[in-house]
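Content type compact mmCIF, C-alpha atoms and all ligand atoms, from the file protein.txt:
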```txt
# COMPACT_ATOMS: atom_id res chain seq x y z
CA MET A 1 129.53 147.78 11.33
CA THR A 2 132.88 147.60 13.10
CA SER A 3 135.42 149.51 11.04
CA PHE A 4 138.56 148.54 12.93
CA ASN A 5 140.46 145.43 13.92
CA THR A 6 139.50 143.98 17.27
CA ILE A 7 140.83 141.49 19.78
CA ASP A 8 139.39 138.78 17.52
CA ASP A 9 142.05 139.67 14.92
CA LEU A 10 145.06 139.29 17.25
CA ASP A 11 147.62 136.54 16.68
CA ALA A 12 148.18 134.10 19.54
CA GLU A 13 150.36 134.86 22.58
CA GLN A 14 151.12 138.47 21.81
CA ARG A 15 152.78 141.11 23.97
CA VAL A 16 149.95 143.64 24.08
CA LEU A 17 149.98 147.26 25.28
CA VAL A 18 146.41 148.16 26.26
CA ARG A 19 145.14 151.72 26.86
CA LEU A 20 142.22 151.77 29.30
CA ASP A 21 140.31 154.70 30.80
CA LEU A 22 140.27 154.11 34.56
CA ASN A 23 139.89 157.81 35.38
CA SER A 24 137.82 157.65 38.56
CA PRO A 25 136.43 159.73 41.38
CA VAL A 26 138.89 160.02 44.30
CA ASP A 27 137.51 160.60 47.79
CA ASP A 28 140.11 161.66 50.40
CA GLY A 29 142.84 159.96 48.40
CA GLU A 30 140.79 156.78 47.97
CA VAL A 31 140.01 155.73 44.40
CA GLN A 32 136.33 154.83 44.03
CA ASP A 33 135.42 151.66 42.15
CA ASN A 34 133.07 152.38 39.25
CA ARG A 35 131.66 151.13 35.99
CA ARG A 36 134.89 151.86 34.09
CA PHE A 37 136.63 149.07 36.01
CA SER A 38 133.90 146.50 35.45
CA ARG A 39 133.60 147.33 31.75
CA HIS A 40 137.35 147.29 31.04
CA ALA A 41 137.75 144.13 33.13
CA GLU A 42 136.00 142.22 30.33
CA THR A 43 138.74 143.20 27.87
CA VAL A 44 141.60 142.55 30.29
CA LYS A 45 140.25 139.19 31.41
CA GLU A 46 139.71 138.02 27.87
CA LEU A 47 143.27 138.98 26.86
CA ALA A 48 144.84 137.33 29.91
CA GLU A 49 142.79 134.15 29.53
CA ALA A 50 143.85 133.95 25.87
CA GLY A 51 147.49 133.79 27.03
CA HIS A 52 148.68 137.22 25.95
CA ARG A 53 151.15 139.22 28.07
CA VAL A 54 149.00 142.16 29.05
CA VAL A 55 150.42 145.59 29.92
CA LEU A 56 147.87 148.22 30.86
CA MET A 57 148.19 152.00 30.55
CA ALA A 58 145.74 154.54 31.98
CA HIS A 59 145.56 158.08 33.34
CA GLN A 60 144.05 159.47 36.54
CA GLY A 61 143.06 163.11 37.12
CA ARG A 62 144.88 166.14 35.81
CA PRO A 63 148.19 167.48 37.20
CA GLY A 64 147.44 169.95 40.00
CA ASN A 65 144.09 168.39 40.95
CA ASP A 66 143.37 166.27 44.06
CA THR A 67 142.37 163.41 41.78
CA PHE A 68 145.86 163.28 40.18
CA VAL A 69 147.16 160.21 42.02
CA SER A 70 149.18 157.05 41.43
CA LEU A 71 147.51 154.02 39.84
CA ASP A 72 148.55 151.60 42.61
CA GLN A 73 144.98 151.42 43.95
CA HIS A 74 143.64 150.93 40.42
CA ALA A 75 145.72 147.75 40.10
CA GLU A 76 144.09 146.31 43.23
CA ILE A 77 140.58 147.24 42.11
CA MET A 78 141.16 145.76 38.65
CA ALA A 79 142.55 142.57 40.22
CA ASP A 80 139.29 142.17 42.18
CA HIS A 81 137.29 142.57 38.98
CA ILE A 82 139.25 140.07 36.88
CA GLY A 83 139.91 137.55 39.66
CA ARG A 84 143.64 137.41 38.98
CA ASP A 85 146.76 139.26 40.06
CA VAL A 86 147.46 142.66 38.52
CA GLN A 87 151.07 143.70 39.02
CA PHE A 88 151.84 147.40 39.37
CA VAL A 89 155.04 149.31 38.61
CA ASP A 90 155.42 152.98 39.59
CA ASP A 91 157.09 153.82 36.32
CA ILE A 92 155.84 154.38 32.76
CA TYR A 93 158.75 153.79 30.36
CA GLY A 94 161.89 153.92 32.52
CA ASP A 95 164.15 150.98 33.43
CA ASP A 96 161.78 149.67 36.12
CA ALA A 97 158.84 149.61 33.71
CA ILE A 98 160.86 147.86 30.99
CA ALA A 99 162.19 145.28 33.47
CA ALA A 100 158.64 144.56 34.69
CA ILE A 101 157.35 144.26 31.11
CA GLU A 102 160.15 141.92 30.08
CA SER A 103 159.62 139.63 33.06
CA LEU A 104 155.94 138.93 32.23
CA GLU A 105 154.80 135.44 31.35
CA ALA A 106 151.80 134.38 29.25
CA GLY A 107 148.56 135.45 30.96
CA ASP A 108 150.26 137.96 33.30
CA VAL A 109 148.79 141.44 33.71
CA LEU A 110 150.83 144.54 34.60
CA LEU A 111 149.61 148.12 35.11
CA LEU A 112 152.03 151.00 34.44
CA GLU A 113 151.96 154.28 36.40
CA ASN A 114 149.59 157.18 35.57
CA THR A 115 150.45 158.20 31.98
CA ARG A 116 149.93 161.87 32.87
CA MET A 117 153.02 161.70 35.11
CA SER A 118 155.03 161.78 31.87
CA ASP A 119 155.54 165.24 30.31
CA ASP A 120 155.19 163.58 26.90
CA GLU A 121 151.58 162.58 27.49
CA LEU A 122 149.46 165.67 27.89
CA PRO A 123 150.00 168.46 25.41
CA GLU A 124 147.44 167.90 22.65
CA GLU A 125 149.55 167.32 19.53
CA ASP A 126 149.26 165.51 16.22
CA PRO A 127 149.77 161.74 16.21
CA GLU A 128 152.97 162.11 14.18
CA VAL A 129 154.45 164.29 16.94
CA LYS A 130 153.28 161.96 19.69
CA ALA A 131 154.72 158.94 17.88
CA GLU A 132 158.15 160.59 18.11
CA THR A 133 158.04 161.14 21.88
CA GLU A 134 160.42 159.24 24.15
CA PHE A 135 157.36 157.70 25.83
CA VAL A 136 156.18 156.02 22.62
CA ARG A 137 159.61 155.30 21.14
CA THR A 138 160.84 153.60 24.32
CA LEU A 139 157.80 151.44 24.99
CA ALA A 140 156.74 150.39 21.48
CA PRO A 141 159.64 147.97 20.71
CA HIS A 142 158.60 145.83 23.69
CA PHE A 143 155.19 145.01 22.17
CA ASP A 144 153.60 143.20 19.23
CA ALA A 145 150.31 145.07 19.32
CA TYR A 146 148.58 148.16 20.73
CA ILE A 147 144.96 147.90 21.89
CA ASN A 148 142.90 151.01 22.53
CA ASP A 149 139.94 150.35 24.84
CA ALA A 150 139.68 153.94 26.08
CA TYR A 151 136.75 155.23 24.01
CA SER A 152 135.99 157.75 26.76
CA ALA A 153 139.41 159.37 26.31
CA ALA A 154 139.47 159.07 22.51
CA HIS A 155 138.72 162.80 22.09
CA ARG A 156 142.17 163.64 23.53
CA LYS A 157 145.32 163.73 21.35
CA HIS A 158 147.60 162.39 24.08
CA ALA A 159 150.68 160.19 23.53
CA SER A 160 149.19 156.98 24.95
CA LEU A 161 146.10 157.43 22.74
CA VAL A 162 147.39 158.64 19.40
CA GLY A 163 151.13 157.91 19.35
CA PHE A 164 151.16 154.11 19.41
CA PRO A 165 148.76 153.35 16.50
CA LEU A 166 151.37 154.87 14.17
CA VAL A 167 154.15 152.52 15.26
CA LEU A 168 152.38 149.29 16.28
CA PRO A 169 149.56 147.22 14.76
CA ALA A 170 146.46 148.74 16.38
CA PHE A 171 143.27 147.03 17.61
CA ALA A 172 140.11 148.01 19.46
CA GLY A 173 139.25 146.52 22.86
CA ARG A 174 135.74 145.37 23.79
CA VAL A 175 134.72 148.65 25.45
CA MET A 176 135.95 150.62 22.43
CA GLU A 177 133.89 148.36 20.17
CA THR A 178 130.62 148.57 22.09
CA GLU A 179 130.81 152.28 22.92
CA TYR A 180 131.74 153.18 19.33
CA GLU A 181 128.91 151.13 17.89
CA ALA A 182 126.30 152.45 20.33
CA ASN A 183 127.32 156.10 20.11
CA THR A 184 127.72 156.10 16.33
CA ALA A 185 124.29 154.51 15.92
CA ILE A 186 122.80 157.16 18.19
CA ALA A 187 124.56 159.97 16.31
CA ASN A 188 123.16 158.69 13.00
CA ARG A 189 119.62 158.25 14.27
CA GLU A 190 116.84 160.67 13.47
CA PHE A 191 114.55 161.48 16.38
CA ASP A 192 110.91 162.50 16.05
CA GLY A 193 109.29 164.71 18.63
CA GLN A 194 110.83 166.48 21.56
CA VAL A 195 114.58 165.96 22.06
CA THR A 196 116.14 167.14 25.33
CA MET A 197 119.71 167.26 26.51
CA VAL A 198 120.49 167.54 30.22
CA VAL A 199 123.93 169.10 30.59
CA GLY A 200 125.94 169.12 33.81
CA GLY A 201 129.29 168.03 35.23
CA THR A 202 132.47 169.95 35.84
CA LYS A 203 134.01 169.87 32.37
CA ALA A 204 132.00 172.75 30.94
CA THR A 205 134.56 173.28 28.19
CA ASP A 206 133.76 169.84 26.74
CA VAL A 207 130.03 170.50 26.54
CA ILE A 208 129.65 174.19 25.74
CA GLY A 209 131.60 173.89 22.51
CA VAL A 210 129.33 171.19 21.17
CA MET A 211 126.04 172.76 22.30
CA ASN A 212 126.13 175.06 19.31
CA THR A 213 126.60 172.17 16.87
CA LEU A 214 123.90 170.11 18.57
CA GLY A 215 121.57 173.09 18.81
CA ASP A 216 119.70 172.17 15.63
CA LYS A 217 119.11 168.57 16.74
CA ILE A 218 118.16 169.33 20.35
CA ASP A 219 114.97 171.20 21.23
CA THR A 220 115.78 171.95 24.87
CA PHE A 221 118.92 172.02 26.99
CA CYS A 222 118.37 171.69 30.77
CA MET A 223 121.48 173.08 32.42
CA GLY A 224 123.07 172.06 35.71
CA GLY A 225 126.56 171.58 37.16
CA ILE A 226 129.37 174.01 36.44
CA ALA A 227 128.16 174.86 32.92
CA SER A 228 124.92 176.23 34.38
CA HIS A 229 126.87 178.56 36.68
CA LEU A 230 128.74 179.95 33.69
CA PHE A 231 125.49 180.58 31.81
CA LEU A 232 124.02 182.23 34.92
CA ARG A 233 127.09 184.44 35.01
CA ALA A 234 126.43 185.41 31.40
CA ALA A 235 122.87 186.23 32.47
CA GLY A 236 124.28 188.66 35.02
CA TYR A 237 124.08 186.67 38.28
CA ASP A 238 126.87 186.53 40.86
CA VAL A 239 128.05 182.96 40.31
CA GLY A 240 130.67 181.10 38.28
CA TYR A 241 133.75 182.59 39.94
CA ASP A 242 136.44 180.61 41.77
CA ARG A 243 136.69 181.26 45.50
CA HIS A 244 139.39 178.68 46.37
CA GLU A 245 142.93 179.45 45.25
CA ASN A 246 143.89 175.85 44.48
CA LEU A 247 140.68 174.85 42.73
CA ASP A 248 140.10 176.13 39.21
CA LEU A 249 136.54 175.19 38.31
CA TYR A 250 135.33 178.39 36.73
CA ASP A 251 137.84 181.08 35.84
CA THR A 252 139.77 179.26 33.11
CA GLN A 253 136.62 177.73 31.66
CA TRP A 254 134.98 181.15 31.60
CA GLU A 255 138.03 182.76 29.94
CA ASN A 256 138.19 180.03 27.31
CA ASN A 257 134.46 179.99 26.55
CA GLU A 258 133.10 183.44 27.40
CA GLU A 259 132.39 184.41 23.83
CA ILE A 260 130.54 181.20 22.94
CA ILE A 261 128.60 181.19 26.22
CA ARG A 262 127.41 184.76 25.63
CA GLU A 263 126.57 183.96 22.01
CA LEU A 264 124.65 180.80 22.91
CA TYR A 265 122.82 182.62 25.68
CA GLU A 266 121.77 185.38 23.31
CA GLU A 267 120.90 183.24 20.28
CA ARG A 268 119.39 180.18 21.95
CA ARG A 269 117.81 181.74 25.01
CA ASP A 270 114.48 179.94 24.50
CA GLN A 271 116.20 176.61 24.07
CA ILE A 272 118.57 176.82 27.04
CA LYS A 273 116.86 176.36 30.41
CA LEU A 274 118.82 177.69 33.39
CA PRO A 275 118.48 177.01 37.12
CA GLU A 276 116.09 179.20 39.11
CA GLY A 277 118.46 178.96 42.07
CA LEU A 278 121.30 176.91 43.53
CA ALA A 279 121.93 174.92 46.72
CA TYR A 280 124.80 175.31 49.20
CA GLU A 281 125.78 173.97 52.63
CA ASP A 282 124.80 176.26 55.51
CA ASP A 283 126.69 176.73 58.82
CA ASP A 284 124.91 173.70 60.32
CA GLY A 285 126.03 171.49 57.46
CA GLU A 286 122.50 171.38 56.03
CA ARG A 287 121.34 172.02 52.48
CA ALA A 288 120.12 175.57 51.91
CA GLU A 289 119.22 177.42 48.73
CA HIS A 290 119.59 180.82 47.11
CA ASP A 291 117.40 182.18 44.34
CA ASN A 292 119.41 183.53 41.42
CA GLU A 293 119.06 187.10 42.76
CA GLU A 294 120.64 186.04 46.07
CA LEU A 295 123.64 184.22 44.59
CA ASP A 296 126.90 185.30 46.20
CA ALA A 297 129.94 183.63 44.63
CA ALA A 298 132.42 185.26 47.00
CA ASN A 299 130.97 183.50 50.04
CA TYR A 300 129.27 180.28 48.92
CA ASP A 301 130.07 177.10 47.00
CA TYR A 302 127.00 176.08 45.03
CA MET A 303 126.68 172.31 44.79
CA ASP A 304 123.30 171.57 43.23
CA ILE A 305 120.42 173.10 41.31
CA SER A 306 117.49 174.22 43.51
CA GLU A 307 114.38 172.12 44.16
CA GLU A 308 112.36 174.60 42.09
CA THR A 309 114.71 173.90 39.18
CA VAL A 310 114.25 170.14 39.61
CA ASP A 311 110.48 170.75 39.34
CA LYS A 312 110.99 172.92 36.28
CA TYR A 313 113.09 170.28 34.44
CA ASP A 314 110.92 167.29 35.40
CA PRO A 315 108.00 167.90 32.98
CA ILE A 316 110.39 168.85 30.18
CA ILE A 317 112.09 165.46 30.54
CA ARG A 318 108.81 163.55 30.93
CA ASP A 319 107.38 165.15 27.77
CA SER A 320 110.43 164.18 25.73
CA ASP A 321 110.76 161.49 23.09
CA ALA A 322 114.53 161.34 23.47
CA VAL A 323 116.74 162.50 26.35
CA PHE A 324 120.53 162.66 26.48
CA LEU A 325 122.19 163.35 29.80
CA LYS A 326 125.85 164.33 30.13
CA GLY A 327 127.30 165.17 33.51
CA ALA A 328 125.81 165.45 36.98
CA LEU A 329 123.57 168.41 37.85
CA GLY A 330 125.14 168.64 41.30
CA VAL A 331 127.54 166.91 43.67
CA PHE A 332 125.34 163.80 43.83
CA GLU A 333 128.01 161.85 45.72
CA ASP A 334 126.79 163.82 48.78
CA GLU A 335 123.15 162.87 49.30
CA LYS A 336 122.04 166.36 50.24
CA PHE A 337 123.22 167.63 46.86
CA SER A 338 121.81 164.74 44.85
CA ALA A 339 118.33 166.18 44.17
CA GLY A 340 119.22 167.64 40.76
CA THR A 341 120.99 164.59 39.36
CA VAL A 342 118.67 162.00 40.87
CA GLY A 343 115.59 164.03 39.87
CA ALA A 344 116.72 164.13 36.24
CA VAL A 345 117.99 160.56 36.02
CA LYS A 346 114.83 159.17 37.69
CA ALA A 347 112.58 161.21 35.40
CA ILE A 348 114.46 159.81 32.39
CA ALA A 349 114.23 156.24 33.75
CA GLU A 350 110.48 156.57 34.32
CA THR A 351 109.77 158.08 30.90
CA ASP A 352 109.11 155.98 27.85
CA CYS A 353 111.68 157.78 25.72
CA PHE A 354 114.94 156.94 23.98
CA SER A 355 117.53 157.64 26.68
CA VAL A 356 121.27 157.84 27.05
CA VAL A 357 123.14 158.63 30.26
CA GLY A 358 126.80 159.50 29.78
CA GLY A 359 129.83 160.24 31.91
CA GLY A 360 132.23 158.10 33.91
CA ASP A 361 131.34 159.87 37.15
CA THR A 362 127.71 160.54 36.36
CA SER A 363 126.80 156.98 35.44
CA ARG A 364 127.66 156.02 39.05
CA SER A 365 124.53 157.85 40.20
CA ILE A 366 122.41 155.08 38.67
CA GLU A 367 123.53 152.37 41.06
CA MET A 368 124.19 154.75 43.97
CA TYR A 369 120.54 155.76 44.02
CA GLY A 370 118.97 152.38 43.36
CA MET A 371 118.13 152.73 39.67
CA ASP A 372 118.64 150.10 37.02
CA GLU A 373 120.83 150.31 33.94
CA ASP A 374 118.07 148.54 31.99
CA ASP A 375 115.87 151.62 32.40
CA PHE A 376 118.06 153.39 29.82
CA ASP A 377 118.77 152.61 26.19
CA HIS A 378 122.48 153.21 26.66
CA VAL A 379 124.64 154.01 29.67
CA SER A 380 127.96 155.29 28.38
CA ILE A 381 131.11 155.35 30.51
CA ALA A 382 132.19 158.22 28.27
CA GLY A 383 131.26 161.83 28.92
CA GLY A 384 133.11 164.29 26.68
CA ALA A 385 133.76 161.68 23.99
CA TYR A 386 130.11 160.64 23.83
CA ILE A 387 128.81 164.17 23.51
CA ARG A 388 131.46 164.88 20.86
CA ALA A 389 130.41 161.73 18.99
CA LEU A 390 126.80 162.98 18.94
CA THR A 391 127.93 165.95 16.86
CA GLY A 392 129.30 163.56 14.24
CA ASP A 393 132.82 164.87 14.84
CA ASP A 394 135.66 162.38 14.65
CA LEU A 395 137.42 161.17 17.77
CA PRO A 396 141.18 161.11 17.05
CA GLY A 397 141.77 157.86 18.98
CA VAL A 398 139.02 156.09 17.03
CA GLU A 399 140.05 157.52 13.66
CA LEU A 400 143.56 156.08 14.07
CA LEU A 401 142.13 152.61 14.71
CA ILE A 402 140.03 152.89 11.56
CA GLU A 403 143.01 154.10 9.54
CA ALA A 404 145.14 151.25 10.93
CA ALA A 405 142.57 148.74 9.67
CA GLU A 406 142.54 150.32 6.20
N1 LIG B 501 128.00 172.48 41.33
C1 LIG B 501 128.99 171.59 41.30
N2 LIG B 501 130.13 171.83 41.96
C2 LIG B 501 131.14 170.91 41.95
N3 LIG B 501 131.07 169.72 41.30
C3 LIG B 501 129.94 169.45 40.64
C4 LIG B 501 128.86 170.35 40.60
N4 LIG B 501 127.87 169.81 39.86
C5 LIG B 501 128.32 168.59 39.45
N5 LIG B 501 129.55 168.36 39.93
C6 LIG B 501 130.37 167.15 39.78
O1 LIG B 501 130.47 166.79 38.44
C7 LIG B 501 130.98 165.48 38.41
C8 LIG B 501 130.78 164.88 37.05
O2 LIG B 501 131.39 165.78 36.15
P1 LIG B 501 132.27 165.38 34.91
O3 LIG B 501 133.55 164.78 35.37
O4 LIG B 501 132.31 166.56 34.02
O5 LIG B 501 131.34 164.32 34.27
P2 LIG B 501 131.54 162.83 33.82
O6 LIG B 501 132.82 162.24 34.36
O7 LIG B 501 130.35 162.16 34.38
O8 LIG B 501 131.56 162.98 32.35
C9 LIG B 501 130.26 164.77 39.51
O9 LIG B 501 131.16 163.91 40.16
C10 LIG B 501 129.77 165.92 40.42
O10 LIG B 501 130.20 165.80 41.76
O1 LIG B 502 136.91 161.03 32.44
C1 LIG B 502 137.10 161.36 31.27
O2 LIG B 502 136.25 162.12 30.56
P1 LIG B 502 134.72 162.45 30.99
O3 LIG B 502 134.75 163.14 32.34
O4 LIG B 502 134.27 163.37 29.89
O5 LIG B 502 133.95 161.17 31.01
C2 LIG B 502 138.29 160.89 30.50
O6 LIG B 502 139.08 160.05 31.30
C3 LIG B 502 139.11 162.06 29.97
O7 LIG B 502 139.68 162.75 31.04
P2 LIG B 502 140.07 164.29 30.84
O8 LIG B 502 138.78 165.04 30.62
O9 LIG B 502 140.79 164.71 32.11
O10 LIG B 502 140.96 164.38 29.63
```
Can you give me the file's structure in the form of structure tokens?
Ligand SMILES: Nc1ncnc2c1ncn2[C@@H]1O[C@H](COP(=O)(O)OP(=O)(O)O)[C@@H](O)[C@H]1O
Ligand SMILES: O=C(OP(=O)(O)O)[C@H](O)COP(=O)(O)O
Amino acid sequence: MTSFNTIDDLDAEQRVLVRLDLNSPVDDGEVQDNRRFSRHAETVKELAEAGHRVVLMAHQGRPGNDTFVSLDQHAEIMADHIGRDVQFVDDIYGDDAIAAIESLEAGDVLLLENTRMSDDELPEEDPEVKAETEFVRTLAPHFDAYINDAYSAAHRKHASLVGFPLVLPAFAGRVMETEYEANTAIANREFDGQVTMVVGGTKATDVIGVMNTLGDKIDTFCMGGIASHLFLRAAGYDVGYDRHENLDLYDTQWENNEEIIRELYEERRDQIKLPEGLAYEDDDGERAEHDNEELDAANYDYMDISEETVDKYDPIIRDSDAVFLKGALGVFEDEKFSAGTVGAVKAIAETDCFSVVGGGDTSRSIEMYGMDEDDFDHVSIAGGAYIRALTGDDLPGVELLIEAAE
């Protein structure tokens, strides 16, 4: 069913520019190894072993966030995964980057600096505009082929994702192939019985927009994470406001989505299940909980759904014939705030239903809490892209690969 050219269609010994998605959790400045590395390592290893000169591009975090860091650590982690050296240059398309690219020999692998450190990368613009950026125009002449393996970023119209397919022969990497095939098959499938979507994570903007479109396919949404705080705010509770100056989790997402959140809450109230309360860290560093009536956004950070909410969602999941999870229901990386995410993921694993767990960060909870990937029909390293794919909407990065093959 593959509709694009893949690594199998490459000529021998090419100079290949490969876009990966290595966007990872960062803990105190330390990049955390995760499934994105192991999955992309298959593509990188295959290309290097075939004797291509392999130059990798990826992004990390968003400017202004703590997770917006250099990719030097990513090069070391990738090297461990592929069992060969991964060179790193702290430049994207300047003289240092070009010199490093030109000095590569067959089978060498080089990682360029975080693409989002270039001003050309981020504004979402049409491919034709991105293809004209200095970023794309400077790098492209040094390559024979562009390979997009970053399915999980394919919903973004950024230079490294949509600019190059217009100026270089474009191919899909192995992760792109498998994620596209799995997610497209899921999107085209009809489900009988009860279909549930568990929605969490921090990127509420990515999920709220598509909830309306998916509303006719999904019987019940179980809400957690930041999106649930925004819905609770729409329901009149004191939550979903930022209390730290340098951390924008809520205010912008509320401003951008207020209308649709209020509309969804009004029109789909029976379908959308909200937390009964939320958990925070008390003065002794222990988990404590507030019921919705007690929520106090000015003084507390809420990091998980309450235990009562876990109990409310559990039977909904267990009675389902299909369950899709996108995003963590709480800060599961800290064990005391893992109850929501682990409760939902375990219930899905133990239920004989069709199941998909999505999200680069969220899929880490499976191994962190001793579950097995085989307990799910599909574990996607994509979050926003996978949920967008479920709506049947095109992903710009994928569309360009398909057009290139036509
Ligand atoms: N209440 C919360 N407050 C802060 N972060 C949260 C909260 N609930 C969930 N998260 C965080 O959401 C992250 C996953 O969100 P996101 O990046 O949107 O999903 P993914 O990368 O899995 O698609 C997790 O790492 C988790 O720590
Ligand atoms: O991690 C990603 O998306 P995801 O959190 O939806 O899985 C991608 O790398 C896209 O990153 P972005 O949402 O900062 O554009």
Please, which residues in chain A fall within 9 Å of ligand LIG 502 (chain B) when counting all atoms listed in the file, and what is the closest atom pair and distance in Å to one decimal for each, ordered by chain then residue number, as CSV?
```
residue,atom,partner,partner_atom,distance
A:Asp21,CA,B:LIG502,O6,5.5
A:Leu22,CA,B:LIG502,O6,6.9
A:Asn23,CA,B:LIG502,O6,4.7
A:Ser24,CA,B:LIG502,O1,7.1
A:Ala58,CA,B:LIG502,O6,8.7
A:His59,CA,B:LIG502,O6,7.1
A:Gln60,CA,B:LIG502,O6,7.2
A:Gly61,CA,B:LIG502,O9,5.7
A:Arg62,CA,B:LIG502,O9,5.7
A:Leu122,CA,B:LIG502,O10,8.8
A:Ala150,CA,B:LIG502,O6,8.1
A:Tyr151,CA,B:LIG502,C2,8.7
A:Ser152,CA,B:LIG502,C2,5.4
A:Ala153,CA,B:LIG502,C3,4.6
A:Ala154,CA,B:LIG502,C3,8.0
A:His155,CA,B:LIG502,C3,7.9
A:Arg156,CA,B:LIG502,O10,6.3
A:His158,CA,B:LIG502,O10,8.9
A:Gly201,CA,B:LIG502,O3,7.9
A:Thr202,CA,B:LIG502,O3,8.0
A:Lys203,CA,B:LIG502,O3,6.8
A:Asp206,CA,B:LIG502,O4,7.2
A:Val207,CA,B:LIG502,O4,8.9
A:Lys326,CA,B:LIG502,O4,8.5
A:Gly327,CA,B:LIG502,O3,7.8
A:Gly358,CA,B:LIG502,O5,7.4
A:Gly359,CA,B:LIG502,O5,4.3
A:Gly360,CA,B:LIG502,O5,4.6
A:Asp361,CA,B:LIG502,O3,6.7
A:Thr362,CA,B:LIG502,O5,8.2
A:Ser380,CA,B:LIG502,O5,8.8
A:Ile381,CA,B:LIG502,O5,6.5
A:Ala382,CA,B:LIG502,O5,4.4
A:Gly383,CA,B:LIG502,O5,3.5
A:Gly384,CA,B:LIG502,O4,3.5
A:Ala385,CA,B:LIG502,O4,6.2
A:Tyr386,CA,B:LIG502,O4,7.8
A:Ile387,CA,B:LIG502,O4,8.4
```
Those selected residues, please, written with C-alpha atoms and delivered as a CSV table (one decimal), keeping the file's coordinate frame.
```csv
chain,number,residue,atom,x,y,z
A,21,ASP,CA,140.3,154.7,30.8
A,22,LEU,CA,140.3,154.1,34.6
A,23,ASN,CA,139.9,157.8,35.4
A,24,SER,CA,137.8,157.6,38.6
A,58,ALA,CA,145.7,154.5,32.0
A,59,HIS,CA,145.6,158.1,33.3
A,60,GLN,CA,144.0,159.5,36.5
A,61,GLY,CA,143.1,163.1,37.1
A,62,ARG,CA,144.9,166.1,35.8
A,122,LEU,CA,149.5,165.7,27.9
A,150,ALA,CA,139.7,153.9,26.1
A,151,TYR,CA,136.8,155.2,24.0
A,152,SER,CA,136.0,157.8,26.8
A,153,ALA,CA,139.4,159.4,26.3
A,154,ALA,CA,139.5,159.1,22.5
A,155,HIS,CA,138.7,162.8,22.1
A,156,ARG,CA,142.2,163.6,23.5
A,158,HIS,CA,147.6,162.4,24.1
A,201,GLY,CA,129.3,168.0,35.2
A,202,THR,CA,132.5,170.0,35.8
A,203,LYS,CA,134.0,169.9,32.4
A,206,ASP,CA,133.8,169.8,26.7
A,207,VAL,CA,130.0,170.5,26.5
A,326,LYS,CA,125.8,164.3,30.1
A,327,GLY,CA,127.3,165.2,33.5
A,358,GLY,CA,126.8,159.5,29.8
A,359,GLY,CA,129.8,160.2,31.9
A,360,GLY,CA,132.2,158.1,33.9
A,361,ASP,CA,131.3,159.9,37.2
A,362,THR,CA,127.7,160.5,36.4
A,380,SER,CA,128.0,155.3,28.4
A,381,ILE,CA,131.1,155.4,30.5
A,382,ALA,CA,132.2,158.2,28.3
A,383,GLY,CA,131.3,161.8,28.9
A,384,GLY,CA,133.1,164.3,26.7
A,385,ALA,CA,133.8,161.7,24.0
A,386,TYR,CA,130.1,160.6,23.8
A,387,ILE,CA,128.8,164.2,23.5
```
With distances taken over all atoms listed in the file, which of A:Asp238, A:Asp321, A:Asp311, A:Glu350 is nearest to A:Asn292?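 Looking at the shortest contact to A:Asn292, the residue is A:Asp238.
Between atom CA of A:Val323 and atom CA of A:Gln194 lies a distance of 8.6 Å.
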Measuring between all atoms listed in the file, which one of A:Ala227, A:Met197, A:Ile101, A:Leu47 shows the shortest distance to ligand LIG 501 (chain B)?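 The answer is A:Ala227, which sits nearest to ligand LIG 501 (chain B).
When only C-alpha atoms are used to compute distances to A:Phe164, the closest of the residues A:Gly397, A:Gly392, A:Gly277, A:Gly200 turns out to be A:Gly397.
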Provide the atom CA of A:Ala75 to atom CA of A:Gly370 distance in Å, to one decimal place.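 Separation of atom CA of A:Ala75 and atom CA of A:Gly370: 27.3 Å.
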Repair of stretch 174-181 of chain A at the level of N, CA and C atoms, as an mmCIF file, in the frame of the given file:
```cif
data_model
loop_
_atom_site.group_PDB
_atom_site.id
_atom_site.type_symbol
_atom_site.label_atom_id
_atom_site.label_comp_id
_atom_site.auth_asym_id
_atom_site.auth_seq_id
_atom_site.Cartn_x
_atom_site.Cartn_y
_atom_site.Cartn_z
ATOM 1 N N ARG A 174 137.193 145.611 23.769
ATOM 2 C CA ARG A 174 135.740 145.370 23.790
ATOM 3 C C ARG A 174 134.933 146.619 24.148
ATOM 4 N N VAL A 175 135.459 147.434 25.068
ATOM 5 C CA VAL A 175 134.720 148.650 25.450
ATOM 6 C C VAL A 175 134.710 149.617 24.259
ATOM 7 N N MET A 176 135.854 149.756 23.621
ATOM 8 C CA MET A 176 135.950 150.620 22.430
ATOM 9 C C MET A 176 134.905 150.188 21.397
ATOM 10 N N GLU A 177 134.831 148.893 21.165
ATOM 11 C CA GLU A 177 133.890 148.360 20.170
ATOM 12 C C GLU A 177 132.442 148.715 20.523
ATOM 13 N N THR A 178 132.043 148.398 21.757
ATOM 14 C CA THR A 178 130.620 148.570 22.090
ATOM 15 C C THR A 178 130.248 150.046 22.205
ATOM 16 N N GLU A 179 131.136 150.841 22.786
ATOM 17 C CA GLU A 179 130.810 152.280 22.920
ATOM 18 C C GLU A 179 130.765 152.935 21.529
ATOM 19 N N TYR A 180 131.703 152.577 20.677
ATOM 20 C CA TYR A 180 131.740 153.180 19.330
ATOM 21 C C TYR A 180 130.466 152.823 18.578
ATOM 22 N N GLU A 181 130.104 151.555 18.638
ATOM 23 C CA GLU A 181 128.910 151.130 17.890
ATOM 24 C C GLU A 181 127.658 151.815 18.422
#
```
